[in-house]
>>> print(open('my_file16.cif').read())   # mmCIF, C-alpha atoms
data_coords
loop_
_atom_site.group_PDB
_atom_site.id
_atom_site.type_symbol
_atom_site.label_atom_id
_atom_site.label_comp_id
_atom_site.auth_asym_id
_atom_site.auth_seq_id
_atom_site.Cartn_x
_atom_site.Cartn_y
_atom_site.Cartn_z
ATOM 1 C CA MET B 1 94.687 83.341 139.839
ATOM 2 C CA VAL B 2 94.472 82.198 136.217
ATOM 3 C CA ARG B 3 95.505 78.585 135.817
ATOM 4 C CA ARG B 4 98.403 77.942 133.439
ATOM 5 C CA SER B 5 98.137 74.997 131.103
ATOM 6 C CA LYS B 6 100.391 72.014 131.874
ATOM 7 C CA LYS B 7 102.099 70.067 129.118
ATOM 8 C CA ASN B 8 101.947 66.283 129.140
ATOM 9 C CA GLU B 9 101.808 63.393 126.678
ATOM 10 C CA PRO B 10 98.873 64.160 124.338
ATOM 11 C CA GLU B 11 97.591 60.571 124.468
ATOM 12 C CA THR B 12 97.567 60.599 128.274
ATOM 13 C CA LEU B 13 95.584 63.831 128.270
ATOM 14 C CA ARG B 14 93.193 62.520 125.641
ATOM 15 C CA LYS B 15 92.348 59.541 127.843
ATOM 16 C CA GLN B 16 91.791 61.804 130.858
ATOM 17 C CA LEU B 17 89.473 64.010 128.829
ATOM 18 C CA ALA B 18 87.547 61.004 127.519
ATOM 19 C CA VAL B 19 86.917 59.799 131.096
ATOM 20 C CA LEU B 20 85.710 63.222 132.211
ATOM 21 C CA ILE B 21 83.331 63.550 129.251
ATOM 22 C CA ALA B 22 81.983 60.018 129.776
ATOM 23 C CA ASP B 23 81.327 60.737 133.461
ATOM 24 C CA PHE B 24 79.488 63.905 132.541
ATOM 25 C CA GLU B 25 76.552 61.872 131.164
ATOM 26 C CA SER B 26 75.364 61.092 134.672
ATOM 27 C CA ARG B 27 75.793 64.745 135.689
ATOM 28 C CA LEU B 28 73.324 65.799 132.998
ATOM 29 C CA LEU B 29 70.715 63.450 134.430
ATOM 30 C CA GLU B 30 71.185 63.896 138.164
ATOM 31 C CA SER B 31 73.084 67.074 139.054
ATOM 32 C CA SER B 32 72.097 70.694 139.535
ATOM 33 C CA LEU B 33 73.170 73.372 137.099
ATOM 34 C CA ARG B 34 76.074 74.466 139.254
ATOM 35 C CA GLU B 35 77.271 70.897 139.764
ATOM 36 C CA GLN B 36 77.176 70.424 135.985
ATOM 37 C CA VAL B 37 79.210 73.579 135.425
ATOM 38 C CA LEU B 38 81.762 72.643 138.091
ATOM 39 C CA ALA B 39 82.093 69.173 136.589
ATOM 40 C CA LEU B 40 83.133 70.730 133.274
ATOM 41 C CA VAL B 41 85.962 72.799 134.805
ATOM 42 C CA PRO B 42 88.424 69.869 135.006
ATOM 43 C CA ALA B 43 87.533 68.916 131.423
ATOM 44 C CA THR B 44 88.276 72.477 130.290
ATOM 45 C CA HIS B 45 91.644 72.380 132.057
ATOM 46 C CA VAL B 46 92.592 69.053 130.488
ATOM 47 C CA LEU B 47 91.492 70.282 127.046
ATOM 48 C CA ARG B 48 93.769 73.302 127.373
ATOM 49 C CA ASP B 49 96.595 71.066 128.559
ATOM 50 C CA LEU B 50 96.051 68.861 125.513
ATOM 51 C CA GLY B 51 96.122 71.796 123.103
ATOM 52 C CA SER B 52 99.321 73.223 124.594
ATOM 53 C CA SER B 53 100.946 69.777 124.508
ATOM 54 C CA LEU B 54 100.543 69.358 120.741
ATOM 55 C CA ILE B 55 103.650 71.458 120.054
ATOM 56 C CA ASN B 56 106.697 69.728 121.481
ATOM 57 C CA ASP B 57 109.351 71.920 119.849
ATOM 58 C CA GLU B 58 112.312 72.803 122.041
ATOM 59 C CA GLY B 59 111.885 76.138 123.786
ATOM 60 C CA CYS B 60 108.103 76.264 123.318
ATOM 61 C CA ASN B 61 107.122 76.455 126.961
ATOM 62 C CA SER B 62 105.110 79.675 127.024
ATOM 63 C CA ALA B 63 101.882 80.526 125.231
ATOM 64 C CA ARG B 64 103.683 83.165 123.144
ATOM 65 C CA GLU B 65 106.368 80.699 122.076
ATOM 66 C CA ARG B 66 103.792 78.099 121.079
ATOM 67 C CA ILE B 67 101.805 80.651 119.039
ATOM 68 C CA LEU B 68 104.956 81.693 117.178
ATOM 69 C CA ALA B 69 105.935 78.083 116.531
ATOM 70 C CA TYR B 70 102.477 77.374 115.111
ATOM 71 C CA LEU B 71 102.535 80.448 112.870
ATOM 72 C CA MET B 72 106.048 79.566 111.688
ATOM 73 C CA LYS B 73 104.828 76.149 110.575
ATOM 74 C CA TYR B 74 102.222 77.824 108.341
ATOM 75 C CA PRO B 75 103.719 81.108 107.056
ATOM 76 C CA ARG B 76 101.530 83.294 104.817
ATOM 77 C CA GLU B 77 98.509 81.118 105.588
ATOM 78 C CA ILE B 78 95.274 82.349 107.128
ATOM 79 C CA ILE B 79 95.118 81.174 110.756
ATOM 80 C CA HIS B 80 91.962 81.426 112.877
ATOM 81 C CA GLY B 81 92.178 82.781 116.400
ATOM 82 C CA ASP B 82 90.564 79.607 117.753
ATOM 83 C CA GLU B 83 93.547 77.622 116.470
ATOM 84 C CA LEU B 84 95.945 79.892 118.341
ATOM 85 C CA MET B 85 93.825 79.661 121.489
ATOM 86 C CA ILE B 86 94.157 75.867 121.361
ATOM 87 C CA VAL B 87 97.945 75.738 120.952
ATOM 88 C CA ALA B 88 98.476 78.614 123.386
ATOM 89 C CA GLY B 89 96.406 76.923 126.077
ATOM 90 C CA ILE B 90 94.995 80.321 127.108
ATOM 91 C CA SER B 91 92.093 82.515 126.034
ATOM 92 C CA GLU B 92 94.199 85.724 126.015
ATOM 93 C CA TYR B 93 96.030 84.735 122.831
ATOM 94 C CA ALA B 94 95.419 88.134 121.136
ATOM 95 C CA ARG B 95 97.615 89.828 123.725
ATOM 96 C CA ARG B 96 100.437 87.391 122.960
ATOM 97 C CA ILE B 97 100.114 88.118 119.232
ATOM 98 C CA ARG B 98 100.466 91.826 119.924
ATOM 99 C CA GLU B 99 103.615 91.089 121.949
ATOM 100 C CA LEU B 100 105.042 89.091 119.039
ATOM 101 C CA ARG B 101 104.299 91.979 116.694
ATOM 102 C CA VAL B 102 105.224 94.983 118.826
ATOM 103 C CA GLU B 103 107.940 93.737 121.180
ATOM 104 C CA PHE B 104 109.588 91.016 119.096
ATOM 105 C CA GLY B 105 109.213 92.229 115.524
ATOM 106 C CA TRP B 106 107.243 89.421 113.896
ATOM 107 C CA SER B 107 105.126 90.467 110.913
ATOM 108 C CA VAL B 108 101.763 89.092 112.062
ATOM 109 C CA LEU B 109 98.951 90.850 110.209
ATOM 110 C CA SER B 110 95.331 90.790 111.281
ATOM 111 C CA GLY B 111 92.398 89.923 109.046
ATOM 112 C CA ASN B 112 91.165 93.531 109.085
ATOM 113 C CA THR B 113 94.516 94.828 107.861
ATOM 114 C CA LEU B 114 94.737 92.214 105.119
ATOM 115 C CA LYS B 115 91.179 92.931 103.964
ATOM 116 C CA GLU B 116 91.809 96.667 103.740
ATOM 117 C CA MET B 117 95.009 96.103 101.750
ATOM 118 C CA ILE B 118 93.163 93.861 99.289
ATOM 119 C CA GLU B 119 90.439 96.481 98.864
ATOM 120 C CA GLN B 120 93.120 99.025 97.879
ATOM 121 C CA GLN B 121 94.836 96.485 95.581
ATOM 122 C CA GLU B 122 98.049 96.604 97.617
ATOM 123 C CA ILE B 123 97.940 92.819 97.836
ATOM 124 C CA SER B 124 95.876 90.300 95.928
ATOM 125 C CA ILE B 125 93.518 87.683 97.252
ATOM 126 C CA GLU B 126 95.735 85.091 95.571
ATOM 127 C CA ASP B 127 98.611 86.128 97.856
ATOM 128 C CA LEU B 128 96.610 84.762 100.787
ATOM 129 C CA ASN B 129 95.141 81.690 99.131
ATOM 130 C CA VAL B 130 91.579 82.580 100.114
ATOM 131 C CA SER B 131 88.519 82.651 97.880
ATOM 132 C CA ASP B 132 86.528 85.390 99.596
ATOM 133 C CA ILE B 133 87.718 88.403 101.617
ATOM 134 C CA SER B 134 84.627 88.149 103.834
ATOM 135 C CA CYS B 135 86.545 85.558 105.865
ATOM 136 C CA LEU B 136 89.150 88.160 106.812
ATOM 137 C CA LYS B 137 87.952 89.348 110.199
ATOM 138 C CA THR B 138 89.431 90.580 113.464
ATOM 139 C CA ASP B 139 90.285 87.102 114.785
ATOM 140 C CA ILE B 140 92.182 86.061 111.641
ATOM 141 C CA TYR B 141 95.986 86.234 111.496
ATOM 142 C CA ALA B 142 98.813 85.510 109.080
ATOM 143 C CA LEU B 143 102.582 85.515 109.587
ATOM 144 C CA MET B 144 103.875 87.250 106.458
ATOM 145 C CA SER B 145 107.607 86.699 106.966
ATOM 146 C CA SER B 146 109.637 84.004 108.689
ATOM 147 C CA GLU B 147 112.350 86.558 109.480
ATOM 148 C CA GLN B 148 112.256 88.593 112.673
ATOM 149 C CA ASP B 149 112.512 92.387 112.333
ATOM 150 C CA ARG B 150 114.645 93.384 115.301
ATOM 151 C CA GLU B 151 114.085 97.117 114.737
ATOM 152 C CA ALA B 152 110.318 96.765 115.054
ATOM 153 C CA ALA B 153 110.181 97.555 118.785
ATOM 154 C CA LEU B 154 111.893 100.906 118.209
ATOM 155 C CA ARG B 155 109.514 101.677 115.359
ATOM 156 C CA TRP B 156 106.466 100.919 117.503
ATOM 157 C CA ASN B 157 107.673 103.541 119.971
ATOM 158 C CA GLU B 158 107.737 106.014 117.069
ATOM 159 C CA VAL B 159 104.245 104.902 116.052
ATOM 160 C CA ASN B 160 102.855 105.527 119.540
ATOM 161 C CA GLU B 161 104.287 109.056 119.662
ATOM 162 C CA LEU B 162 103.088 109.942 116.175
ATOM 163 C CA ARG B 163 99.660 108.348 116.698
ATOM 164 C CA ARG B 164 98.842 110.918 119.378
ATOM 165 C CA THR B 165 99.617 113.954 117.219
ATOM 166 C CA LYS B 166 96.775 116.141 115.929
ATOM 167 C CA VAL B 167 97.449 115.867 112.206
ATOM 168 C CA SER B 168 95.703 114.078 109.347
ATOM 169 C CA THR B 169 96.010 110.344 108.758
ATOM 170 C CA LYS B 170 97.887 110.911 105.502
ATOM 171 C CA GLU B 171 100.368 113.253 107.183
ATOM 172 C CA LYS B 172 100.991 110.752 109.993
ATOM 173 C CA ILE B 173 101.656 107.965 107.495
ATOM 174 C CA LEU B 174 103.993 110.088 105.374
ATOM 175 C CA THR B 175 105.904 111.314 108.420
ATOM 176 C CA TYR B 176 106.360 107.754 109.645
ATOM 177 C CA LEU B 177 107.488 106.468 106.259
ATOM 178 C CA ARG B 178 109.986 109.341 105.957
ATOM 179 C CA LYS B 179 111.387 108.454 109.372
ATOM 180 C CA ASN B 180 111.949 104.930 108.028
ATOM 181 C CA VAL B 181 112.982 105.682 104.450
ATOM 182 C CA GLY B 182 114.592 102.649 102.821
ATOM 183 C CA ARG B 183 113.232 100.262 105.474
ATOM 184 C CA PRO B 184 110.047 98.212 105.043
ATOM 185 C CA VAL B 185 107.238 98.766 107.544
ATOM 186 C CA THR B 186 104.091 96.675 107.866
ATOM 187 C CA GLY B 187 100.494 97.500 107.131
ATOM 188 C CA GLU B 188 99.740 96.687 110.759
ATOM 189 C CA GLU B 189 101.998 99.555 111.854
ATOM 190 C CA LEU B 190 100.298 101.986 109.475
ATOM 191 C CA ARG B 191 96.821 100.847 110.527
ATOM 192 C CA TYR B 192 97.647 101.358 114.208
ATOM 193 C CA LEU B 193 99.198 104.742 113.379
ATOM 194 C CA ALA B 194 95.877 105.767 111.814
ATOM 195 C CA ASN B 195 94.030 104.878 115.042
ATOM 196 C CA ASP B 196 92.732 101.699 113.376
ATOM 197 C CA SER B 197 90.840 103.786 110.806
ATOM 198 C CA LYS B 198 89.895 101.900 107.626
ATOM 199 C CA GLU B 199 91.135 104.801 105.485
ATOM 200 C CA TRP B 200 94.833 104.133 106.181
ATOM 201 C CA ALA B 201 95.333 101.866 103.127
ATOM 202 C CA ARG B 202 93.629 104.314 100.765
ATOM 203 C CA ARG B 203 95.635 107.261 102.117
ATOM 204 C CA THR B 204 98.890 105.328 101.736
ATOM 205 C CA ARG B 205 98.005 104.448 98.153
ATOM 206 C CA GLU B 206 97.150 108.100 97.415
ATOM 207 C CA LEU B 207 100.592 109.154 98.602
ATOM 208 C CA ARG B 208 102.045 107.023 95.798
ATOM 209 C CA THR B 209 99.511 107.397 92.983
ATOM 210 C CA GLU B 210 98.506 111.051 93.489
ATOM 211 C CA ASP B 211 101.262 112.737 95.471
ATOM 212 C CA GLY B 212 104.223 111.034 93.825
ATOM 213 C CA TRP B 213 105.961 109.531 96.845
ATOM 214 C CA PRO B 214 107.897 106.362 95.875
ATOM 215 C CA ILE B 215 106.078 103.986 98.235
ATOM 216 C CA ALA B 216 106.550 100.435 97.010
ATOM 217 C CA THR B 217 104.672 97.241 97.799
ATOM 218 C CA LYS B 218 104.864 93.727 96.444
ATOM 219 C CA ASN B 219 102.038 94.454 94.006
ATOM 220 C CA SER B 220 103.140 97.935 92.918
ATOM 221 C CA GLY B 221 106.521 97.057 91.475
ATOM 222 C CA ARG B 222 108.730 95.441 94.146
ATOM 223 C CA PRO B 223 107.911 91.707 93.942
ATOM 224 C CA GLU B 224 110.732 90.850 96.337
ATOM 225 C CA LEU B 225 108.968 92.628 99.234
ATOM 226 C CA ASN B 226 106.953 90.607 101.722
ATOM 227 C CA VAL B 227 103.190 90.633 101.401
ATOM 228 C CA GLY B 228 101.894 93.420 103.636
ATOM 229 C CA ALA B 229 105.096 95.521 103.592
ATOM 230 C CA TYR B 230 105.427 99.154 102.525
ATOM 231 C CA LEU B 231 108.744 100.741 101.580
ATOM 232 C CA LEU B 232 109.446 104.435 100.987
ATOM 233 C CA GLU B 233 112.330 104.068 98.544
ATOM 234 C CA GLU B 234 113.553 107.680 98.593
ATOM 235 C CA ASP B 235 112.699 110.770 100.605
ATOM 236 C CA ARG B 236 111.506 112.814 97.651
ATOM 237 C CA GLN B 237 108.425 113.200 95.479
ATOM 238 C CA ALA B 238 108.312 112.435 91.791
ATOM 239 C CA GLU B 239 108.202 115.354 89.365
ATOM 240 C CA VAL B 240 104.681 116.761 89.117
ATOM 241 C CA HIS B 241 104.142 115.469 85.567
ATOM 242 C CA ASP B 242 105.221 111.940 86.600
ATOM 243 C CA ARG B 243 102.584 111.584 89.310
ATOM 244 C CA LYS B 244 99.053 110.183 89.122
ATOM 245 C CA ILE B 245 100.012 106.947 87.358
ATOM 246 C CA PRO B 246 97.467 104.197 88.148
ATOM 247 C CA ASP B 247 99.015 101.151 89.774
ATOM 248 C CA PRO B 248 97.870 98.665 87.085
ATOM 249 C CA VAL B 249 99.638 100.806 84.458
ATOM 250 C CA ARG B 250 102.687 101.164 86.692
ATOM 251 C CA VAL B 251 102.997 97.401 87.053
ATOM 252 C CA LYS B 252 102.589 96.804 83.304
ATOM 253 C CA VAL B 253 105.379 99.272 82.506
ATOM 254 C CA LEU B 254 107.714 97.714 85.075
ATOM 255 C CA GLU B 255 106.982 94.228 83.775
ATOM 256 C CA ARG B 256 107.581 95.312 80.177
ATOM 257 C CA ASP B 257 110.904 96.872 81.210
ATOM 258 C CA ARG B 258 111.801 93.797 83.302
ATOM 259 C CA HIS B 259 111.987 95.886 86.501
ATOM 260 C CA ALA B 260 115.148 97.604 85.288
ATOM 261 C CA CYS B 261 116.206 101.047 84.063
ATOM 262 C CA ARG B 262 115.951 101.135 80.276
ATOM 263 C CA ILE B 263 119.063 103.302 79.986
ATOM 264 C CA CYS B 264 121.631 101.770 82.371
ATOM 265 C CA GLN B 265 119.866 98.420 83.095
ATOM 266 C CA TRP B 266 120.113 98.948 86.863
ATOM 267 C CA SER B 267 117.584 96.992 88.969
ATOM 268 C CA HIS B 268 116.940 96.410 92.657
ATOM 269 C CA ILE B 269 118.703 93.047 92.559
ATOM 270 C CA ARG B 270 121.878 94.900 91.503
ATOM 271 C CA LYS B 271 121.720 97.308 94.422
ATOM 272 C CA ILE B 272 125.052 97.704 96.244
ATOM 273 C CA PRO B 273 126.150 100.003 99.107
ATOM 274 C CA GLY B 274 127.351 103.404 97.921
ATOM 275 C CA ASP B 275 125.615 103.261 94.535
ATOM 276 C CA PRO B 276 123.590 106.471 94.006
ATOM 277 C CA ARG B 277 121.022 104.425 92.096
ATOM 278 C CA THR B 278 118.553 103.411 94.784
ATOM 279 C CA PHE B 279 115.109 103.017 93.187
ATOM 280 C CA LEU B 280 113.151 102.949 89.939
ATOM 281 C CA GLU B 281 110.755 105.626 88.696
ATOM 282 C CA LEU B 282 108.347 105.921 85.780
ATOM 283 C CA HIS B 283 108.792 108.840 83.416
ATOM 284 C CA HIS B 284 106.276 110.371 81.002
ATOM 285 C CA ILE B 285 107.972 110.867 77.645
ATOM 286 C CA GLU B 286 105.340 113.436 76.737
ATOM 287 C CA HIS B 287 104.589 115.249 79.974
ATOM 288 C CA HIS B 288 101.238 114.431 81.532
ATOM 289 C CA ALA B 289 100.533 118.154 81.940
ATOM 290 C CA ASP B 290 101.032 118.582 78.171
ATOM 291 C CA GLY B 291 98.520 115.885 77.306
ATOM 292 C CA GLY B 292 100.766 112.842 77.619
ATOM 293 C CA GLU B 293 98.730 109.797 78.551
ATOM 294 C CA ASN B 294 99.261 107.145 81.214
ATOM 295 C CA VAL B 295 99.811 104.407 78.648
ATOM 296 C CA LEU B 296 102.581 101.924 77.961
ATOM 297 C CA GLY B 297 103.808 103.798 74.890
ATOM 298 C CA ASN B 298 104.319 107.009 76.838
ATOM 299 C CA LEU B 299 105.941 105.640 79.998
ATOM 300 C CA ILE B 300 109.420 104.274 80.613
ATOM 301 C CA THR B 301 111.232 102.855 83.633
ATOM 302 C CA LEU B 302 114.295 104.795 84.776
ATOM 303 C CA CYS B 303 116.537 104.625 87.826
ATOM 304 C CA ASN B 304 116.631 107.785 89.937
ATOM 305 C CA VAL B 305 120.027 108.832 88.500
ATOM 306 C CA CYS B 306 119.036 108.464 84.849
ATOM 307 C CA HIS B 307 115.698 110.115 85.615
ATOM 308 C CA ASP B 308 117.534 113.142 86.987
ATOM 309 C CA ASP B 309 119.671 113.237 83.824
ATOM 310 C CA VAL B 310 116.508 113.283 81.712
ATOM 311 C CA HIS B 311 115.176 116.264 83.631
ATOM 312 C CA ARG B 312 118.529 118.025 83.264
ATOM 313 C CA LYS B 313 118.106 117.551 79.511
ATOM 314 C CA LYS B 314 121.197 115.308 79.318
ATOM 315 C CA ILE B 315 119.012 112.619 77.748
ATOM 316 C CA SER B 316 116.338 113.542 75.212
ATOM 317 C CA ASN B 317 112.758 112.368 75.258
ATOM 318 C CA ASN B 318 113.139 111.456 71.568
ATOM 319 C CA PHE B 319 115.824 108.969 72.554
ATOM 320 C CA LEU B 320 113.506 107.467 75.184
ATOM 321 C CA PHE B 321 110.643 107.238 72.685
ATOM 322 C CA GLU B 322 112.851 105.392 70.207
ATOM 323 C CA LEU B 323 114.116 103.167 73.020
ATOM 324 C CA ILE B 324 110.720 101.750 73.943
ATOM 325 C CA HIS B 325 109.403 101.587 70.375
ATOM 326 C CA SER B 326 112.453 99.902 68.875
ATOM 327 C CA GLU B 327 111.533 96.457 70.217
#
>>> encode(input="my_file16.cif", output="structure tokens")
Amino acid sequence: MVRRSKKNEPETLRKQLAVLIADFESRLLESSLREQVLALVPATHVLRDLGSSLINDEGCNSARERILAYLMKYPREIIHGDELMIVAGISEYARRIRELRVEFGWSVLSGNTLKEMIEQQEISIEDLNVSDISCLKTDIYALMSSEQDREAALRWNEVNELRRTKVSTKEKILTYLRKNVGRPVTGEELRYLANDSKEWARRTRELRTEDGWPIATKNSGRPELNVGAYLLEEDRQAEVHDRKIPDPVRVKVLERDRHACRICQWSHIRKIPGDPRTFLELHHIEHHADGGENVLGNLITLCNVCHDDVHRKKISNNFLFELIHSE
């Protein structure tokens, strides 16, 4: 039976460990290999007890609770698995992280997921305060939000069902996002959905930049979203001529227009229940299919309602052109 770590006063445990290590000097000189190994077992137990005793917060009695408490003290910081093994007092810390993510709805992203999002420019390296993405490996973790997502367990059931279907990665991701339209999901969910394939981040980005689905991230125009979150804003594709806008251009247009509709001034911070305005779109003044370029002077930010009015010819493109060039 696996021994559970036992909490005690850290200083008491430190002294016990020091005695065991000091006594081990004679073991190295006189004992057999097995006697040396057996002599280290008590030291290993005390070391685990010491690690699990460092967090004295109320209610932190289990390994999972201690891991969460540690992550909560350092949100959005890169945490090494060895750190979590110490505070958990067990070697099976990865299983506890999965429980926090899947069963309890905590947005704990792995190093692999973060690295793949950076490579697709969905998040920036500055968001994680690291200098080199090579450090983002399997045993790296970061808690991206200090708020628990209580719907996550239900979503993970959806992920498991959809993961087993025989369709493409892109189709799985789109289906899942459409099931959760208007609700943020994490990159970890999408990566698992794609059977841990590295292509998940690129396919998700293609859905936005090539297929016209309004999938928002912190770096693509919704700065209020948590790092690592994806949000399908509306269950509809953009008009064909308003697709294929590169993300850097998209962000520049939104920043120029102060993340608000240029006609009615609606923005996400003004969102209220019952308002038909639910998200922002970019519109080509001269249609892309007619030679209109993906440049600042040919793109304008509109809410979904005003955008529909433009396509119904209630608002002229000449008016929009004058609007962005009158500044």
>>> resolve_selection(input="my_file16.cif", expression="the PyMOL selection byres ((chain B and resi 283) around 8)", output="ChimeraX atom specification")
/B:242,281-282,284-285,299-302,307
>>> closest_atom_pairs(input="my_file16.cif", of="segment 189-227 of chain B", to="segment 116-120 of chain B", cutoff="7 Å", atoms="all atoms listed in the file", output="CSV")
residue,atom,partner,partner_atom,distance
B:Lys198,CA,B:Glu116,CA,6.8
B:Ala201,CA,B:Met117,CA,5.9
B:Arg202,CA,B:Gln120,CA,6.0
>>> residues_around(input="my_file16.cif", residues="Thr209 of chain B", least_positions_apart="6", cutoff="8 Å", atoms="all atoms listed in the file", output="NGL selection string")
:B and (243-247)
>>> resolve_selection(input="my_file16.cif", expression="the PyMOL selection byres ((chain B and resi 222-229) around 9)", output="list in words")
Arg76, Ser107, Leu109, Thr113, Leu114, Met117, Glu122, Ile123, Asp127, Leu128, Met144, Ser145, Pro184, Val185, Thr186, Gly187, Glu188, Ala216, Thr217, Lys218, Asn219, Ser220, Gly221, Tyr230, Leu231, His259 and His268 of chain B
>>> closest_residue(input="my_file16.cif", among="B:Val310, B:Ile21, B:Val253, B:Leu177", to="Glu239 of chain B", atoms="all atoms listed in the file")
B:Val310
>>> residues_near_point(input="my_file16.cif", point="(87.1, 71.8, 129.3)", cutoff="12 Å", atoms="all atoms listed in the file", output="ChimeraX atom specification")
/B:5,13-14,16-18,20-21,24,37-51,86,89-90
